[in-house]
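Containing mmCIF, C-alpha atoms and all ligand atoms: run-v5.cif.
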data_input
#
loop_
_atom_site.label_atom_id
_atom_site.label_comp_id
_atom_site.auth_asym_id
_atom_site.auth_seq_id
_atom_site.Cartn_x
_atom_site.Cartn_y
_atom_site.Cartn_z
CA MET A 52 8.26 -9.81 -18.91
CA VAL A 53 4.80 -8.60 -18.15
CA GLY A 54 2.95 -6.80 -20.91
CA LYS A 55 1.86 -3.27 -20.25
CA GLY A 56 -1.73 -3.07 -19.14
CA LEU A 57 -1.92 -6.76 -18.32
CA TYR A 58 -2.36 -7.58 -14.70
CA ALA A 59 -0.34 -10.74 -14.87
CA MET A 60 0.53 -10.78 -11.21
CA SER A 61 3.86 -11.97 -10.09
CA ARG A 62 3.53 -13.41 -6.64
CA VAL A 63 6.21 -14.64 -4.34
CA LYS A 64 5.58 -17.39 -1.85
CA ASP A 65 6.03 -16.34 1.77
CA CYS A 66 5.84 -12.63 0.95
CA PRO A 67 3.16 -11.29 3.34
CA LEU A 68 2.22 -8.51 0.93
CA CYS A 69 1.65 -11.01 -1.90
CA LYS A 70 -0.44 -13.21 0.34
CA GLY A 71 -2.54 -10.24 1.40
CA GLU A 72 -4.01 -12.06 4.35
CA HIS A 73 -6.94 -10.42 6.04
CA ILE A 74 -5.32 -10.34 9.45
CA THR A 75 -6.14 -6.64 9.71
CA PRO A 76 -9.10 -4.64 8.33
CA TRP A 77 -8.83 -3.54 4.70
CA LEU A 78 -9.86 -0.03 3.74
CA ALA A 79 -9.83 -0.71 0.00
CA SER A 80 -9.43 -3.64 -2.35
CA LYS A 81 -8.78 -3.02 -6.06
CA CYS A 82 -7.33 -5.19 -8.78
CA LEU A 83 -4.18 -3.05 -8.93
CA TYR A 84 -3.63 -2.53 -5.22
CA TYR A 85 -5.11 -2.92 -1.79
CA ILE A 86 -5.04 -0.73 1.32
CA PRO A 87 -5.01 -2.60 4.63
CA ILE A 88 -4.20 -1.42 8.10
CA CYS A 89 -0.56 -2.43 8.51
CA ALA A 90 -0.22 -5.39 10.86
CA THR A 91 3.12 -4.04 12.11
CA CYS A 92 2.40 -0.39 12.86
CA GLY A 93 -1.39 -0.04 12.70
CA ASN A 94 -1.38 2.67 10.04
CA PRO A 95 -3.03 2.55 6.60
CA MET A 96 -0.71 1.34 3.86
CA ALA A 97 -1.16 1.03 0.12
CA VAL A 98 0.20 -2.20 -1.35
CA LEU A 99 0.67 -2.90 -5.04
CA ARG A 100 -0.59 -6.40 -5.80
CA ASP A 101 2.38 -7.04 -8.06
CA HIS A 102 5.64 -8.14 -6.48
CA GLY A 103 8.96 -6.67 -7.56
CA ARG A 104 7.85 -3.75 -9.71
CA ASN A 105 6.99 -0.13 -9.20
CA PRO A 106 3.69 1.36 -10.36
CA SER A 107 3.74 3.65 -13.38
CA PRO A 108 3.44 7.36 -12.50
CA ALA A 109 -0.27 7.29 -13.43
CA GLU A 110 -0.90 4.20 -11.31
CA GLU A 111 1.04 5.67 -8.42
CA GLN A 112 -0.99 8.87 -8.56
CA ARG A 113 -4.22 6.86 -8.49
CA ILE A 114 -3.05 4.72 -5.56
CA LEU A 115 -1.80 7.68 -3.51
CA GLN A 116 -5.01 9.62 -4.14
CA MET A 117 -7.04 6.77 -2.72
CA LEU A 118 -4.63 6.37 0.19
CA SER A 119 -4.96 10.10 0.92
CA VAL A 120 -8.76 9.93 1.07
CA LEU A 121 -8.69 6.89 3.33
CA ALA A 122 -5.91 8.28 5.55
CA ASP A 123 -7.84 11.53 6.07
CA ARG A 124 -10.79 9.44 7.21
CA HIS A 125 -8.65 7.08 9.30
CA PHE A 126 -6.77 9.85 11.13
CA LYS A 127 -9.96 11.93 11.45
CA GLY A 128 -8.36 15.13 10.20
CA ARG A 129 -5.15 14.82 12.23
CA PRO A 130 -2.01 15.53 10.17
CA TRP A 131 -0.26 12.60 8.51
CA VAL A 132 2.49 12.05 5.96
CA LEU A 133 3.22 9.61 3.18
CA ASP A 134 6.12 7.37 4.12
CA ARG A 135 7.72 5.70 1.12
CA THR A 136 10.43 4.01 3.15
CA GLN A 137 10.13 0.27 2.75
CA ARG A 138 11.67 -0.92 5.97
CA THR A 139 10.70 -4.53 6.43
CA ILE A 140 9.82 -5.65 2.93
CA THR A 141 12.04 -3.95 0.41
CA ASP A 142 11.11 -5.68 -2.84
CA HIS A 143 7.35 -5.25 -2.78
CA TRP A 144 6.05 -1.73 -3.39
CA HIS A 145 4.06 -0.23 -0.55
CA VAL A 146 3.56 3.21 0.97
CA HIS A 147 2.48 3.99 4.53
CA ALA A 148 0.38 6.89 5.76
CA ARG A 149 1.76 7.77 9.19
CA PRO A 150 0.61 10.34 11.72
CA VAL A 151 2.85 13.37 12.14
CA PRO A 152 4.48 13.05 15.58
CA ALA A 153 3.14 15.60 18.03
CA GLY A 154 5.45 18.40 19.15
ZN ZN B 201 5.31 -9.67 -2.55
ZN ZN B 202 3.53 -0.57 8.96
#
Just dump the structure as structure tokens.
Amino acid sequence: MVGKGLYAMSRVKDCPLCKGEHITPWLASKCLYYIPICATCGNPMAVLRDHGRNPSPAEEQRILQMLSVLADRHFKGRPWVLDRTQRTITDHWHVHARPVPAG
């Protein structure tokens, strides 16, 4: 168990989100989360540094606020949506900001 408020990170070997390699530019780096450009789809994505847990509602709000600011900047005012679907990595919390498809 991890105590509340303690950032005792659980990391999993071979999980790309735990490794957090700088293979793409990062838009933000915090102790709770980081926001890189996704290496798979090229969109900004917020990644919790902790593996296998969900952020508390307050943490999630903080993370999504930062993602919103950075996505607005990244997409230069074009519309985008939060995508909470975890397609490739299902056990490590992350949220994408994706452009709204035209038409
Ligand atoms: Zn992980
Ligand atoms: Zn992606």
Contacts to ligand ZN 202 (chain B) at 10 Å cut-off (all atoms listed in the file) as a CSV table (one decimal) with C-alpha atoms, keeping the file's coordinate frame:
chain,number,residue,atom,x,y,z
A,87,PRO,CA,-5.0,-2.6,4.6
A,88,ILE,CA,-4.2,-1.4,8.1
A,89,CYS,CA,-0.6,-2.4,8.5
A,90,ALA,CA,-0.2,-5.4,10.9
A,91,THR,CA,3.1,-4.0,12.1
A,92,CYS,CA,2.4,-0.4,12.9
A,93,GLY,CA,-1.4,0.0,12.7
A,94,ASN,CA,-1.4,2.7,10.0
A,95,PRO,CA,-3.0,2.6,6.6
A,96,MET,CA,-0.7,1.3,3.9
A,134,ASP,CA,6.1,7.4,4.1
A,137,GLN,CA,10.1,0.3,2.8
A,138,ARG,CA,11.7,-0.9,6.0
A,139,THR,CA,10.7,-4.5,6.4
A,145,HIS,CA,4.1,-0.2,-0.6
A,146,VAL,CA,3.6,3.2,1.0
A,147,HIS,CA,2.5,4.0,4.5
A,148,ALA,CA,0.4,6.9,5.8
A,149,ARG,CA,1.8,7.8,9.2
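Note that CA of Val151 (chain A) and CA of Phe126 (chain A) are 10.3 Å apart.
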Find the spatial neighbours of Asp65 (chain A), counting all atoms listed in the file, within a cut-off of 12 Å - ignore same-chain residues fewer than 5 positions away - and output them as a CSV table (one decimal) with C-alpha atoms, in the coordinates of the input.
chain,number,residue,atom,x,y,z
A,70,LYS,CA,-0.4,-13.2,0.3
A,71,GLY,CA,-2.5,-10.2,1.4
A,72,GLU,CA,-4.0,-12.1,4.4
A,102,HIS,CA,5.6,-8.1,-6.5
A,140,ILE,CA,9.8,-5.6,2.9
Next item on the list: Give as JSON, numbers by chain the residues surrounding ligand ZN 201 (chain B) up to a distance of 12 Å, considering all atoms listed in the file.
Entry: {"A": [60, 61, 62, 63, 64, 65, 66, 67, 68, 69, 70, 71, 72, 84, 98, 99, 100, 101, 102, 103, 104, 105, 139, 140, 141, 142, 143, 144, 145]}
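The two atoms in question, CA of Arg113 (chain A) and CA of Ala153 (chain A), are spaced 28.9 Å apart.
The spacing separating CA of Pro106 (chain A) from CA of Asp123 (chain A) amounts to 22.5 Å.
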Output requested as a PDB file, in the frame of the given file - region 62-79 of chain A, filled out with N, CA and C atoms.
ATOM      1  N   ARG A  62       3.670 -13.223  -8.082  1.00  0.00           N
ATOM      2  CA  ARG A  62       3.530 -13.410  -6.640  1.00  0.00           C
ATOM      3  C   ARG A  62       4.684 -14.241  -6.132  1.00  0.00           C
ATOM      4  N   VAL A  63       5.092 -13.935  -4.933  1.00  0.00           N
ATOM      5  CA  VAL A  63       6.210 -14.640  -4.340  1.00  0.00           C
ATOM      6  C   VAL A  63       5.718 -15.326  -3.079  1.00  0.00           C
ATOM      7  N   LYS A  64       5.993 -16.600  -3.001  1.00  0.00           N
ATOM      8  CA  LYS A  64       5.580 -17.390  -1.850  1.00  0.00           C
ATOM      9  C   LYS A  64       6.248 -16.823  -0.603  1.00  0.00           C
ATOM     10  N   ASP A  65       5.526 -16.793   0.478  1.00  0.00           N
ATOM     11  CA  ASP A  65       6.030 -16.340   1.770  1.00  0.00           C
ATOM     12  C   ASP A  65       6.231 -14.829   1.855  1.00  0.00           C
ATOM     13  N   CYS A  66       5.829 -14.087   0.826  1.00  0.00           N
ATOM     14  CA  CYS A  66       5.840 -12.630   0.950  1.00  0.00           C
ATOM     15  C   CYS A  66       4.478 -12.229   1.533  1.00  0.00           C
ATOM     16  N   PRO A  67       4.462 -11.608   2.717  1.00  0.00           N
ATOM     17  CA  PRO A  67       3.160 -11.290   3.340  1.00  0.00           C
ATOM     18  C   PRO A  67       2.326 -10.318   2.514  1.00  0.00           C
ATOM     19  N   LEU A  68       2.979  -9.467   1.736  1.00  0.00           N
ATOM     20  CA  LEU A  68       2.220  -8.510   0.930  1.00  0.00           C
ATOM     21  C   LEU A  68       1.594  -9.195  -0.275  1.00  0.00           C
ATOM     22  N   CYS A  69       2.241 -10.233  -0.817  1.00  0.00           N
ATOM     23  CA  CYS A  69       1.650 -11.010  -1.900  1.00  0.00           C
ATOM     24  C   CYS A  69       0.461 -11.819  -1.397  1.00  0.00           C
ATOM     25  N   LYS A  70       0.632 -12.406  -0.224  1.00  0.00           N
ATOM     26  CA  LYS A  70      -0.440 -13.210   0.340  1.00  0.00           C
ATOM     27  C   LYS A  70      -1.661 -12.353   0.614  1.00  0.00           C
ATOM     28  N   GLY A  71      -1.435 -11.140   1.121  1.00  0.00           N
ATOM     29  CA  GLY A  71      -2.540 -10.240   1.400  1.00  0.00           C
ATOM     30  C   GLY A  71      -3.564 -10.861   2.334  1.00  0.00           C
ATOM     31  N   GLU A  72      -3.088 -11.434   3.410  1.00  0.00           N
ATOM     32  CA  GLU A  72      -4.010 -12.060   4.350  1.00  0.00           C
ATOM     33  C   GLU A  72      -4.825 -11.008   5.083  1.00  0.00           C
ATOM     34  N   HIS A  73      -6.059 -11.350   5.333  1.00  0.00           N
ATOM     35  CA  HIS A  73      -6.940 -10.420   6.040  1.00  0.00           C
ATOM     36  C   HIS A  73      -6.743 -10.537   7.548  1.00  0.00           C
ATOM     37  N   ILE A  74      -5.522 -10.292   8.010  1.00  0.00           N
ATOM     38  CA  ILE A  74      -5.320 -10.340   9.450  1.00  0.00           C
ATOM     39  C   ILE A  74      -5.657  -8.992  10.081  1.00  0.00           C
ATOM     40  N   THR A  75      -5.741  -7.971   9.262  1.00  0.00           N
ATOM     41  CA  THR A  75      -6.140  -6.640   9.710  1.00  0.00           C
ATOM     42  C   THR A  75      -7.277  -6.167   8.798  1.00  0.00           C
ATOM     43  N   PRO A  76      -8.049  -5.149   9.224  1.00  0.00           N
ATOM     44  CA  PRO A  76      -9.100  -4.640   8.330  1.00  0.00           C
ATOM     45  C   PRO A  76      -8.503  -4.051   7.054  1.00  0.00           C
ATOM     46  N   TRP A  77      -9.225  -4.174   5.949  1.00  0.00           N
ATOM     47  CA  TRP A  77      -8.830  -3.540   4.700  1.00  0.00           C
ATOM     48  C   TRP A  77      -9.708  -2.325   4.475  1.00  0.00           C
ATOM     49  N   LEU A  78      -9.099  -1.236   4.039  1.00  0.00           N
ATOM     50  CA  LEU A  78      -9.860  -0.030   3.740  1.00  0.00           C
ATOM     51  C   LEU A  78     -10.258   0.024   2.276  1.00  0.00           C
ATOM     52  N   ALA A  79      -9.517  -0.672   1.416  1.00  0.00           N
ATOM     53  CA  ALA A  79      -9.830  -0.710   0.000  1.00  0.00           C
ATOM     54  C   ALA A  79      -9.255  -1.974  -0.609  1.00  0.00           C
TER      55      ALA A  79
END
